[in-house]
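Q: Below you'll find the structure I mean.
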Amino acid sequence: MSLIRKIFMIIIMLSVDVVLIAHPHLFAGVDLNFDITKENTLIITQQWMFDDLTSMIILEDFDSNCDNDICSSELNELKETVIPGLKEENFYTDLDVNGEKIIIKEISNFTVGTQDIYVFYKFDIEIPLQDNESDLVIKTNIYDRDFYTKFFVNSSSGLNVIKPENVTYKFEVYENTEKSFYFGQLNPMEVKLILTRNDQ
Amino acid sequence: MINEKVLDNFFIFFILTLSGQFQHKTKQGRIPDKITSHENVETHENVETHENVKQSFISRNTEQQRKLRVKIASSLREFKTNTRKKVLVISLLLAFLYGVIHSLGPGHGKVFLVSQVIGSEVKFRAIVGSSLFFAFLHSLSGLTLVVILKILSMKILQDSTKVSMIAQNISFVILIALGLFILIRTIKGNSGNHHKPNQGNLFLTALMIGFVPCPGSIIISVFAMKMGTYSLGIFMILAMALGMASTLIVLNGITLLAKSFATKAIANQDNILKISRVMTMIGSSLLIVLGTLFLTYSIYN
């Protein structure tokens with residue numbers, strides 16, 4: 001290996017260090033619940049459970065009465081501060097239903113709570129489905145392209161489905177190499193849910 | 001005298017260890033081989049996991065940072081009720097290790113310091129000094145920002161990011177200006193002066209990237225504040241800075257070593273000044289190009 005090549009390799013290696021602000025800042029574990037029991041609607045409930053240090057910062061910023069929880073008035077302030085930014089980022093969610101990309105316009109039931117020492121955000125995304133829809137393939141990628149927040153999908157216990165009896169389902173969770181982000185250095189974990197109706 | 005082959009192997013090991021980040025590129029378009037699946041199971045005992053994907057360096061680094069953050073939070077909590085020396089020592093060691101791992105991850109502008117090590121005639125002593133200067137400035141900027149935001153009753157989560165982004169963009173502009181200044185001076189200047197050690201650019205670069213607040217120290221500051229363990233928080237930030245400096249000293253030291261081998265290999269008494277001049281031009285050009293690229297990226301995002 002030539003010496004020039006060695007230097008070149010070091011420079012390339014360090015070139016991924018493209019920003020001055022360290023990443024990621026925040027860490028969140030993600031649980032996903034898919035509900036297809038409402039007529040012609042898919043409801044995806046997301047829960048982001050932040051790590052210890054991030055939770056403490058959220059409480060420091062919004063828990064005005066210092067009871068280690070977010071009450072309704074604090075929640076309103078948090079919503080006003082946080083939701084516009086999340087909306088701009090499509091709630092860090094790339095969603096694809098039967099091959100159609102979904103832009104999340106609104107979320108509902110946004111709540112913030114604490115579990116032990118951890119703060120969580122919880123909200124629903126409602127997606128209208130067509131009448132004649134039989135089988136469904138839902139692909140969900142939750143990731144922050146700027147890598148300020150690192151999302152971990154809790155694939156072993158955080159994926160759930162609420163469905164009619166005649167529907168069977170299958171989850172697949174894998175790294176989606178086609179959605180590489182952060183200068184191509186990271187891949188999101190894609191959650192693929194396949195729902196099959198058995199009454200035909 | 002160190003054997004060239006040993007150095008080669010060390011370099012290969014070093015690069016391979018750190019360049020796991022490039023490996024996933026080869027997996028583009030392949031069927032994902034890390035699949036967790038469960039079919040109609042109410043419990044999750046049947047989950048099958050195939051850990052075939054080699055994690056990238058950044059993924060591994062992030063996971064290590066996450067684990068360390070958990071331990072740091074625990075140690076700060078424990079110190080609140082148990083102020084024994086053992087807890088203190090463990091806390092400081094954890095903070096030091098977090099500094100090492102944290103600075104190996106994305107951010108901190110390591111590439112700008114490296115460009116100056118390549119471009120300036122610097123001694124190892126200057127690398128140690130500038131790395132320490134950068135790390136302490138970077139960490140203490142984070143602590144200072146938290147104190148200012150608290151005084152102004154601003155939101156740490158949102159506003160610290162905004163302030164950091166502004167500071168980062170100012171840094172990029174000044175780094176571009178610094179690169180232009182060095183480049184023009186080198187092109188215009190007397191070649192006889194270029195072999196003189198020039199530590200100033202390295203320290204100036206360290207100053208420019210160091211004043212961007214460190215998110216790691218912001219987080220530790222807030223947590224220590226919330227826990228009421230102020231003194232431990234400050235000592236942990238200093239220990240973290242020492243850890244960051246260690247990483248930078250190693251990275252920049254290796255760059256200096258590689259540069260010195262390369263210079264020796266291609267330079268002789270006749271062309272050593274020319275080589276030195278070219279190195280300075282490369283270093284300053286890197287500042288300009290990287291600064292412009294990153295500023296554009298930052299504004300675009």
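Every chain in the structure tokens has a letter given in the order shown (A, B, ...), and although residue numbers restart at 1 in each chain, ligands are simply numbered from 1 in the order shown.
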I want to know what sits within 9 Å of stretch 75-87 of chain B, based on only C-alpha atoms, with residues of the same chain fewer than 6 positions away left out; could you give that as a VMD selection string?
A: chain B and resid 94 223 to 224 227 to 229 232 to 233
Q: Grab the residues selected above and save them as a short mmCIF file (atom, residue, chain, number, x, y, z; two decimals), in the first residue's frame with C-alpha atoms.
A:
```
data_model
loop_
_atom_site.label_atom_id
_atom_site.label_comp_id
_atom_site.auth_asym_id
_atom_site.auth_seq_id
_atom_site.Cartn_x
_atom_site.Cartn_y
_atom_site.Cartn_z
CA LEU B 94 -17.52 6.41 31.73
CA PHE B 223 -28.90 15.76 33.34
CA ALA B 224 -26.47 16.81 36.08
CA MET B 227 -30.11 15.60 39.30
CA GLY B 228 -28.53 18.38 41.33
CA THR B 229 -25.08 16.82 40.91
CA LEU B 232 -19.89 15.78 39.15
CA GLY B 233 -21.50 17.07 35.95
#
```
Q: Extract, using only C-alpha atoms, all DNA, RNA and protein residues at most 8 Å from A:Lys122, discarding same-chain residues fewer than 4 positions from it, and format them as a list of chain:residue names.
A: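 In the requested format, the answer is A:Thr45, A:Gln46, A:Gln47, A:Trp48, A:Asn109, A:Phe110, A:Thr111, A:Val112.
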Q: Could you turn the residues from that selection into a file that holds N, CA and C atoms, as a PDB file, in the first residue's frame?
A:
```
ATOM      1  N   THR A  45     -50.436   3.279  15.006  1.00  0.00           N
ATOM      2  CA  THR A  45     -50.088   3.990  16.241  1.00  0.00           C
ATOM      3  C   THR A  45     -48.587   3.843  16.477  1.00  0.00           C
ATOM      4  N   GLN A  46     -47.942   4.991  16.604  1.00  0.00           N
ATOM      5  CA  GLN A  46     -46.499   4.968  16.861  1.00  0.00           C
ATOM      6  C   GLN A  46     -46.239   5.392  18.299  1.00  0.00           C
ATOM      7  N   GLN A  47     -45.323   4.711  18.944  1.00  0.00           N
ATOM      8  CA  GLN A  47     -44.868   5.169  20.255  1.00  0.00           C
ATOM      9  C   GLN A  47     -43.349   5.295  20.226  1.00  0.00           C
ATOM     10  N   TRP A  48     -42.864   6.480  20.507  1.00  0.00           N
ATOM     11  CA  TRP A  48     -41.417   6.712  20.557  1.00  0.00           C
ATOM     12  C   TRP A  48     -41.014   6.857  22.028  1.00  0.00           C
ATOM     13  N   ASN A 109     -54.547  12.064  18.246  1.00  0.00           N
ATOM     14  CA  ASN A 109     -54.303  11.498  19.579  1.00  0.00           C
ATOM     15  C   ASN A 109     -52.848  11.615  20.035  1.00  0.00           C
ATOM     16  N   PHE A 110     -52.233  12.754  19.754  1.00  0.00           N
ATOM     17  CA  PHE A 110     -50.835  12.925  20.185  1.00  0.00           C
ATOM     18  C   PHE A 110     -50.806  13.078  21.705  1.00  0.00           C
ATOM     19  N   THR A 111     -50.105  12.184  22.339  1.00  0.00           N
ATOM     20  CA  THR A 111     -49.960  12.278  23.800  1.00  0.00           C
ATOM     21  C   THR A 111     -48.494  12.133  24.170  1.00  0.00           C
ATOM     22  N   VAL A 112     -48.172  12.667  25.308  1.00  0.00           N
ATOM     23  CA  VAL A 112     -46.815  12.504  25.845  1.00  0.00           C
ATOM     24  C   VAL A 112     -46.971  12.009  27.266  1.00  0.00           C
TER      25      VAL A 112
END
```
Q: Using only C-alpha atoms, which of B:Ser120, B:Ser231, B:Ser246, B:Ser221 sits nearest B:Phe133?
A: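 Between B:Ser120, B:Ser231, B:Ser246, B:Ser221, the residue approaching B:Phe133 most closely is B:Ser246.
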Q: Out of B:Leu97, B:Val114, B:Ile275, B:Ala177, which residue has the shortest atom-to-atom distance to chain A when counting only C-alpha atoms?
A: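 Closest residue, counting only C-alpha atoms: B:Val114.
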Q: Go through A:His25, A:Lys105, A:Lys163, A:Arg197 and flag the residue nearest A:Glu39, using only C-alpha atoms for the distances.
A: A:Lys163
Q: So, with only C-alpha atoms as the atoms that count, which of A:Thr196, A:Thr93, A:Ser108, A:Gln115 lies closest to chain B?
A: A:Thr196
Q: List as a PyMOL selection string the protein and nucleic acid residues near B:Thr247, meaning an atom at most 7 Å away when only C-alpha atoms are counted, but skip any in the same chain fewer than 5 places from it.
A: chain B and resi 100+103-104
Q: Residues of the last selection are to be written out with N, CA and C atoms, as a short mmCIF file (atom, residue, chain, number, x, y, z; two decimals), in the first residue's frame.
A:
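Written out: out.cif:
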```cif
data_model
loop_
_atom_site.label_atom_id
_atom_site.label_comp_id
_atom_site.auth_asym_id
_atom_site.auth_seq_id
_atom_site.Cartn_x
_atom_site.Cartn_y
_atom_site.Cartn_z
N VAL B 100 -14.30 9.45 24.07
CA VAL B 100 -13.53 8.74 23.04
C VAL B 100 -14.47 8.25 21.93
N SER B 103 -16.45 11.14 19.99
CA SER B 103 -15.68 11.91 19.00
C SER B 103 -15.26 11.05 17.80
N LEU B 104 -15.35 9.73 17.96
CA LEU B 104 -15.08 8.86 16.80
C LEU B 104 -16.27 8.86 15.84
#
```
Q: Write out as number ranges by chain the residues lying within 6 Å of B:Ile176, counting only C-alpha atoms and excluding same-chain residues fewer than 3 positions away.
A: B: 173, 179, 287-288, 291
Q: Excluding A:Asn176 and residues on its chain fewer than 2 positions from it, collect all residues at most 6 Å away from it, counting only C-alpha atoms, and give them as an MDAnalysis selection string.
A: chainID A and resid 178:179 187:190
Q: Generate the output file for the selected residues, C-alpha atoms, as a compact mmCIF listing (two decimals), in the first residue's frame.
A:
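Printed below is out_0.txt as written:
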```txt
# COMPACT_ATOMS: atom_id res chain seq x y z
CA GLU A 178 -32.36 1.37 -0.94
CA LYS A 179 -33.10 4.20 1.47
CA ASN A 187 -29.88 2.27 6.40
CA PRO A 188 -33.27 2.51 8.08
CA MET A 189 -34.95 -0.59 9.46
CA GLU A 190 -37.97 -1.27 7.28
```
Q: Give me the residues near A:Gln130 as a PyMOL selection string, where near means some atom within 10 Å (using only C-alpha atoms) and where sequence neighbours in that chain fewer than 3 positions away do not count.
A: chain A and resi 39-41+127+133-134
